[in-house]
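Below is start37.pdb, which holds PDB, C-alpha atoms.
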```
ATOM      1  CA  MET A  16       0.000   0.000   0.000  1.00  0.00           C
ATOM      2  CA  ASN A  17       1.368   3.376  -1.015  1.00  0.00           C
ATOM      3  CA  VAL A  18       0.391   5.676   1.835  1.00  0.00           C
ATOM      4  CA  THR A  19       1.140   9.368   1.379  1.00  0.00           C
ATOM      5  CA  GLU A  20       1.436  11.993   4.094  1.00  0.00           C
ATOM      6  CA  ARG A  21      -2.038  13.412   3.417  1.00  0.00           C
ATOM      7  CA  ARG A  22      -4.278  13.259   6.498  1.00  0.00           C
ATOM      8  CA  ARG A  23      -7.764  11.874   5.984  1.00  0.00           C
ATOM      9  CA  VAL A  24     -10.870  11.311   8.063  1.00  0.00           C
ATOM     10  CA  ALA A  25     -13.659   8.781   7.629  1.00  0.00           C
ATOM     11  CA  ALA A  26     -17.082   8.351   9.210  1.00  0.00           C
ATOM     12  CA  VAL A  27     -18.491   5.077  10.495  1.00  0.00           C
ATOM     13  CA  ILE A  28     -22.235   5.779  10.373  1.00  0.00           C
ATOM     14  CA  VAL A  29     -24.350   2.880  11.635  1.00  0.00           C
ATOM     15  CA  ARG A  30     -28.141   2.679  11.371  1.00  0.00           C
ATOM     16  CA  ASP A  31     -30.500  -0.300  11.621  1.00  0.00           C
ATOM     17  CA  GLY A  32     -27.718  -2.901  11.417  1.00  0.00           C
ATOM     18  CA  GLY A  33     -25.941  -1.354   8.428  1.00  0.00           C
ATOM     19  CA  VAL A  34     -22.984   0.953   7.859  1.00  0.00           C
ATOM     20  CA  LEU A  35     -23.242   3.764   5.291  1.00  0.00           C
ATOM     21  CA  MET A  36     -20.795   3.326   2.413  1.00  0.00           C
ATOM     22  CA  VAL A  37     -19.976   5.499  -0.612  1.00  0.00           C
ATOM     23  CA  ARG A  38     -19.335   3.942  -4.032  1.00  0.00           C
ATOM     24  CA  GLU A  39     -16.563   5.791  -5.807  1.00  0.00           C
ATOM     25  CA  ARG A  40     -14.933   5.550  -9.207  1.00  0.00           C
ATOM     26  CA  GLY A  41     -11.150   5.589  -9.363  1.00  0.00           C
ATOM     27  CA  ARG A  42      -9.045   7.283 -11.994  1.00  0.00           C
ATOM     28  CA  GLY A  43      -8.682   5.358 -15.203  1.00  0.00           C
ATOM     29  CA  ALA A  44      -5.947   5.435 -17.812  1.00  0.00           C
ATOM     30  CA  SER A  45      -7.499   8.621 -19.231  1.00  0.00           C
ATOM     31  CA  GLY A  46      -6.867  10.449 -15.928  1.00  0.00           C
ATOM     32  CA  LEU A  47     -10.629  10.911 -15.490  1.00  0.00           C
ATOM     33  CA  HIS A  48     -12.774   9.131 -12.900  1.00  0.00           C
ATOM     34  CA  ASP A  49     -13.766   6.361 -15.324  1.00  0.00           C
ATOM     35  CA  GLY A  50     -11.734   3.587 -13.686  1.00  0.00           C
ATOM     36  CA  PRO A  51     -12.761   0.748 -11.391  1.00  0.00           C
ATOM     37  CA  GLU A  52     -15.458   1.326  -8.795  1.00  0.00           C
ATOM     38  CA  TYR A  53     -15.006   0.579  -5.091  1.00  0.00           C
ATOM     39  CA  TRP A  54     -16.817   1.103  -1.764  1.00  0.00           C
ATOM     40  CA  THR A  55     -15.438   3.218   1.074  1.00  0.00           C
ATOM     41  CA  LEU A  56     -16.573   4.995   4.220  1.00  0.00           C
ATOM     42  CA  PRO A  57     -17.674   8.630   3.756  1.00  0.00           C
ATOM     43  CA  GLY A  58     -14.672  10.870   4.265  1.00  0.00           C
ATOM     44  CA  GLY A  59     -11.780  12.677   2.682  1.00  0.00           C
ATOM     45  CA  GLY A  60      -8.846  14.995   3.169  1.00  0.00           C
ATOM     46  CA  VAL A  61      -8.323  17.344   6.081  1.00  0.00           C
ATOM     47  CA  GLU A  62      -8.054  20.977   5.012  1.00  0.00           C
ATOM     48  CA  PRO A  63      -5.091  23.100   6.230  1.00  0.00           C
ATOM     49  CA  GLY A  64      -5.817  24.394   9.743  1.00  0.00           C
ATOM     50  CA  GLU A  65      -8.894  22.166  10.131  1.00  0.00           C
ATOM     51  CA  ASP A  66      -9.142  19.852  13.141  1.00  0.00           C
ATOM     52  CA  LEU A  67     -10.063  16.195  12.591  1.00  0.00           C
ATOM     53  CA  GLU A  68     -13.551  16.398  14.109  1.00  0.00           C
ATOM     54  CA  ALA A  69     -14.453  19.441  12.009  1.00  0.00           C
ATOM     55  CA  ALA A  70     -13.137  17.660   8.912  1.00  0.00           C
ATOM     56  CA  VAL A  71     -15.263  14.556   9.446  1.00  0.00           C
ATOM     57  CA  ARG A  72     -18.368  16.689  10.067  1.00  0.00           C
ATOM     58  CA  ARG A  73     -17.707  18.600   6.814  1.00  0.00           C
ATOM     59  CA  GLU A  74     -17.071  15.410   4.823  1.00  0.00           C
ATOM     60  CA  VAL A  75     -20.266  13.760   6.113  1.00  0.00           C
ATOM     61  CA  ALA A  76     -22.289  16.810   5.044  1.00  0.00           C
ATOM     62  CA  GLU A  77     -20.569  17.054   1.630  1.00  0.00           C
ATOM     63  CA  GLU A  78     -20.799  13.359   0.734  1.00  0.00           C
ATOM     64  CA  THR A  79     -24.107  12.296   2.316  1.00  0.00           C
ATOM     65  CA  GLY A  80     -26.112  15.451   3.014  1.00  0.00           C
ATOM     66  CA  LEU A  81     -26.482  14.303   6.646  1.00  0.00           C
ATOM     67  CA  ARG A  82     -25.664  16.418   9.705  1.00  0.00           C
ATOM     68  CA  ALA A  83     -23.264  14.929  12.255  1.00  0.00           C
ATOM     69  CA  LEU A  84     -24.790  15.168  15.734  1.00  0.00           C
ATOM     70  CA  SER A  85     -21.898  13.551  17.607  1.00  0.00           C
ATOM     71  CA  VAL A  86     -18.390  12.474  16.628  1.00  0.00           C
ATOM     72  CA  ARG A  87     -16.269   9.980  18.606  1.00  0.00           C
ATOM     73  CA  TYR A  88     -12.787   8.721  17.752  1.00  0.00           C
ATOM     74  CA  ALA A  89     -12.846   5.049  16.669  1.00  0.00           C
ATOM     75  CA  TYR A  90      -9.499   4.013  15.109  1.00  0.00           C
ATOM     76  CA  GLU A  91      -6.719   4.936  12.683  1.00  0.00           C
ATOM     77  CA  ALA A  92      -5.802   3.008   9.562  1.00  0.00           C
ATOM     78  CA  PRO A  93      -3.638   3.325   6.444  1.00  0.00           C
ATOM     79  CA  TYR A  94      -5.475   4.202   3.239  1.00  0.00           C
ATOM     80  CA  PRO A  95      -4.097   4.412  -0.327  1.00  0.00           C
ATOM     81  CA  SER A  96      -4.329   8.216  -0.358  1.00  0.00           C
ATOM     82  CA  GLY A  97      -3.203   8.867   3.222  1.00  0.00           C
ATOM     83  CA  TRP A  98      -3.358   7.914   6.880  1.00  0.00           C
ATOM     84  CA  THR A  99      -7.012   7.959   7.987  1.00  0.00           C
ATOM     85  CA  THR A 100      -8.548   8.726  11.374  1.00  0.00           C
ATOM     86  CA  CYS A 101     -11.960   7.062  11.619  1.00  0.00           C
ATOM     87  CA  PHE A 102     -14.772   8.362  13.799  1.00  0.00           C
ATOM     88  CA  ARG A 103     -18.075   6.847  14.892  1.00  0.00           C
ATOM     89  CA  VAL A 104     -20.564   9.489  13.766  1.00  0.00           C
ATOM     90  CA  GLU A 105     -24.179   9.763  14.870  1.00  0.00           C
ATOM     91  CA  VAL A 106     -26.269  11.612  12.294  1.00  0.00           C
ATOM     92  CA  GLY A 107     -29.631  13.326  12.244  1.00  0.00           C
ATOM     93  CA  ALA A 108     -32.759  11.757  10.824  1.00  0.00           C
ATOM     94  CA  GLY A 109     -33.323  11.522   7.117  1.00  0.00           C
ATOM     95  CA  GLU A 110     -31.972   9.557   4.228  1.00  0.00           C
ATOM     96  CA  PRO A 111     -28.509  10.214   2.839  1.00  0.00           C
ATOM     97  CA  VAL A 112     -28.201  12.017  -0.485  1.00  0.00           C
ATOM     98  CA  LEU A 113     -25.112  11.584  -2.662  1.00  0.00           C
ATOM     99  CA  GLY A 114     -23.046  14.752  -2.745  1.00  0.00           C
ATOM    100  CA  VAL A 115     -20.578  16.194  -5.214  1.00  0.00           C
ATOM    101  CA  ASP A 116     -16.836  16.365  -4.550  1.00  0.00           C
ATOM    102  CA  PRO A 117     -15.976  20.103  -4.442  1.00  0.00           C
ATOM    103  CA  GLU A 118     -12.246  19.371  -4.952  1.00  0.00           C
ATOM    104  CA  LEU A 119     -12.606  17.801  -8.401  1.00  0.00           C
ATOM    105  CA  THR A 120     -11.174  19.770 -11.278  1.00  0.00           C
ATOM    106  CA  CYS A 121     -12.856  17.545 -13.891  1.00  0.00           C
ATOM    107  CA  ALA A 122     -16.551  17.180 -14.760  1.00  0.00           C
ATOM    108  CA  CYS A 123     -16.501  13.417 -14.221  1.00  0.00           C
ATOM    109  CA  PRO A 124     -18.182  12.176 -11.010  1.00  0.00           C
ATOM    110  CA  ARG A 125     -15.986  10.407  -8.459  1.00  0.00           C
ATOM    111  CA  MET A 126     -18.825   9.505  -6.074  1.00  0.00           C
ATOM    112  CA  VAL A 127     -21.437   7.403  -7.845  1.00  0.00           C
ATOM    113  CA  GLY A 128     -23.577   5.821  -5.107  1.00  0.00           C
ATOM    114  CA  LEU A 129     -24.513   5.419  -1.441  1.00  0.00           C
ATOM    115  CA  THR A 130     -25.804   2.314   0.308  1.00  0.00           C
ATOM    116  CA  TRP A 131     -26.262   0.769   3.738  1.00  0.00           C
ATOM    117  CA  VAL A 132     -24.017  -2.319   3.910  1.00  0.00           C
ATOM    118  CA  PRO A 133     -25.210  -4.897   6.463  1.00  0.00           C
ATOM    119  CA  LEU A 134     -22.850  -5.399   9.398  1.00  0.00           C
ATOM    120  CA  THR A 135     -21.812  -8.939  10.283  1.00  0.00           C
ATOM    121  CA  ARG A 136     -20.629 -10.384  13.575  1.00  0.00           C
ATOM    122  CA  GLY A 137     -16.910 -11.275  13.756  1.00  0.00           C
ATOM    123  CA  THR A 138     -17.427 -14.060  16.331  1.00  0.00           C
ATOM    124  CA  PRO A 139     -20.359 -15.117  18.526  1.00  0.00           C
ATOM    125  CA  ASP A 140     -19.047 -12.857  21.308  1.00  0.00           C
ATOM    126  CA  GLY A 141     -16.986 -10.448  19.231  1.00  0.00           C
ATOM    127  CA  PRO A 142     -17.630  -6.974  17.920  1.00  0.00           C
ATOM    128  CA  TYR A 143     -19.227  -6.101  14.625  1.00  0.00           C
ATOM    129  CA  MET A 144     -16.823  -6.124  11.700  1.00  0.00           C
ATOM    130  CA  VAL A 145     -16.979  -2.740   9.933  1.00  0.00           C
ATOM    131  CA  PRO A 146     -16.084  -2.799   6.228  1.00  0.00           C
ATOM    132  CA  THR A 147     -13.619  -0.094   5.239  1.00  0.00           C
ATOM    133  CA  LEU A 148     -13.120  -0.903   1.559  1.00  0.00           C
ATOM    134  CA  LEU A 149     -15.001  -3.320  -0.675  1.00  0.00           C
ATOM    135  CA  SER A 150     -14.026  -3.942  -4.272  1.00  0.00           C
ATOM    136  CA  PRO A 151     -15.205  -4.292  -6.951  1.00  0.00           C
ATOM    137  CA  ALA A 152     -18.519  -2.490  -6.572  1.00  0.00           C
ATOM    138  CA  GLN A 153     -21.690  -4.272  -7.488  1.00  0.00           C
ATOM    139  CA  PRO A 154     -24.258  -2.432  -9.594  1.00  0.00           C
TER
END
```
Using the file provided, produce a representation of the structure as structure tokens.
Amino acid sequence: MNVTERRRVAAVIVRDGGVLMVRERGRGASGLHDGPEYWTLPGGGVEPGEDLEAAVRREVAEETGLRALSVRYAYEAPYPSGWTTCFRVEVGAGEPVLGVDPELTCACPRMVGLTWVPLTRGTPDGPYMVPTLLSPAQP
């Protein structure tokens, strides 16, 4: 895994036995977002001067249209585009709505879907296993 120095945040949003995931399209050979699709937690890069909690609240709003009510540190993990701090995020009522990435300089969409992925038990007594990246995406 090629992890850069870019700091990222991600939101673990759980509702009714599922975790909210974003389907994204990677860059293809053309340089546009027409490459393979994959699933990931809502999140993205931390802006200069922005603290991690503020960043995850902003990313949740941008990518899902939901408002973060509470944010609690969960874990840290490497990610292809940078080290990621993951937070358990409680959101307000309502259904998520796919956002638009304001950082894109091209007209091609990077985010192409949202879905609730069912959580599964790790062991009979163990914690839920939270998916962080699923590939390839299913239509």
>> I need the residue nearest Tyr53 in chain A from this list: A:Arg21, A:Met126, A:Pro111, A:Trp131. Use all atoms listed in the file for the distance.
In response: A:Met126
>> With distances taken over only C-alpha atoms, which residue among A:Arg30, A:Arg73, A:Arg22, A:Arg38 lies nearest Glu91 in chain A?
In response: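 Closest to Glu91 in chain A, using only C-alpha atoms: A:Arg22.
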> Which is closer to Val127 in chain A than all the others in A:Trp54, A:Tyr94, A:Phe102, A:Tyr88, using only C-alpha atoms?
Replying inline: A:Trp54
> Can you tell me how far CA of Val86 in chain A sits from CA of Val106 in chain A, in Å to one decimal?
Replying inline: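 Interatomic distance, CA of Val86 in chain A to CA of Val106 in chain A: 9.0 Å.
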>> Counting all atoms listed in the file, which residue out of A:Val37, A:Val27, A:Ala44, A:Ala69 sits closest to Ala89 in chain A?
In response: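 With all atoms listed in the file as the atom set, the closest residue is A:Val27.
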> What is the distance between CA of Gly46 in chain A and CA of Pro93 in chain A, in Å to one decimal?
Replying inline: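 Taking CA of Gly46 in chain A as the start and CA of Pro93 in chain A as the end point, the length is 23.7 Å.
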>> Could you check the closest approach to Glu78 in chain A for each of A:Glu105, A:Glu65, A:Asp31, A:Glu39 and tell me which residue wins, using only C-alpha atoms?
In response: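 Ranking A:Glu105, A:Glu65, A:Asp31, A:Glu39 by distance to Glu78 in chain A, first place goes to A:Glu39.
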Skipping near chain neighbours, those fewer than 6 positions away, what residues fall within 9 Å of Ile28 in chain A using only C-alpha atoms, listed as a compact mmCIF listing (two decimals) with C-alpha atoms, in the frame of the given file?
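Final file, out.txt:
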```txt
# COMPACT_ATOMS: atom_id res chain seq x y z
CA VAL A 34 -22.98 0.95 7.86
CA LEU A 35 -23.24 3.76 5.29
CA MET A 36 -20.80 3.33 2.41
CA LEU A 56 -16.57 5.00 4.22
CA PRO A 57 -17.67 8.63 3.76
CA PHE A 102 -14.77 8.36 13.80
CA ARG A 103 -18.08 6.85 14.89
CA VAL A 104 -20.56 9.49 13.77
CA GLU A 105 -24.18 9.76 14.87
CA VAL A 106 -26.27 11.61 12.29
```
>> What would the selection look like, as a list in words, if the PyMOL selection byres ((chain A and resi 61) around 8) were run on the coordinates I just shared?
In response: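 This file, filtered by the PyMOL selection byres ((chain A and resi 61) around 8), leaves Arg21, Arg22, Arg23, Val24, Gly59, Gly60, Glu62, Pro63, Glu65, Asp66, Leu67 and Ala70 of chain A.
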> Please, what distance in Å, to one decimal, runs between CA of Arg82 in chain A and CA of Pro51 in chain A?
Replying inline: 29.3 Å
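If you measure from each of A:Thr135, A:Glu52, A:Cys101, A:Arg40 to Arg72 in chain A using all atoms listed in the file, the closest one turns out to be A:Cys101.
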I need the output of the PyMOL selection byres ((chain A and resi 113) around 6) for this file as a compact mmCIF listing (two decimals) with C-alpha atoms, in the frame of the given file; which residues are they?
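Final file, out.txt:
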```
# COMPACT_ATOMS: atom_id res chain seq x y z
CA GLU A 78 -20.80 13.36 0.73
CA THR A 79 -24.11 12.30 2.32
CA VAL A 112 -28.20 12.02 -0.48
CA GLY A 114 -23.05 14.75 -2.74
```
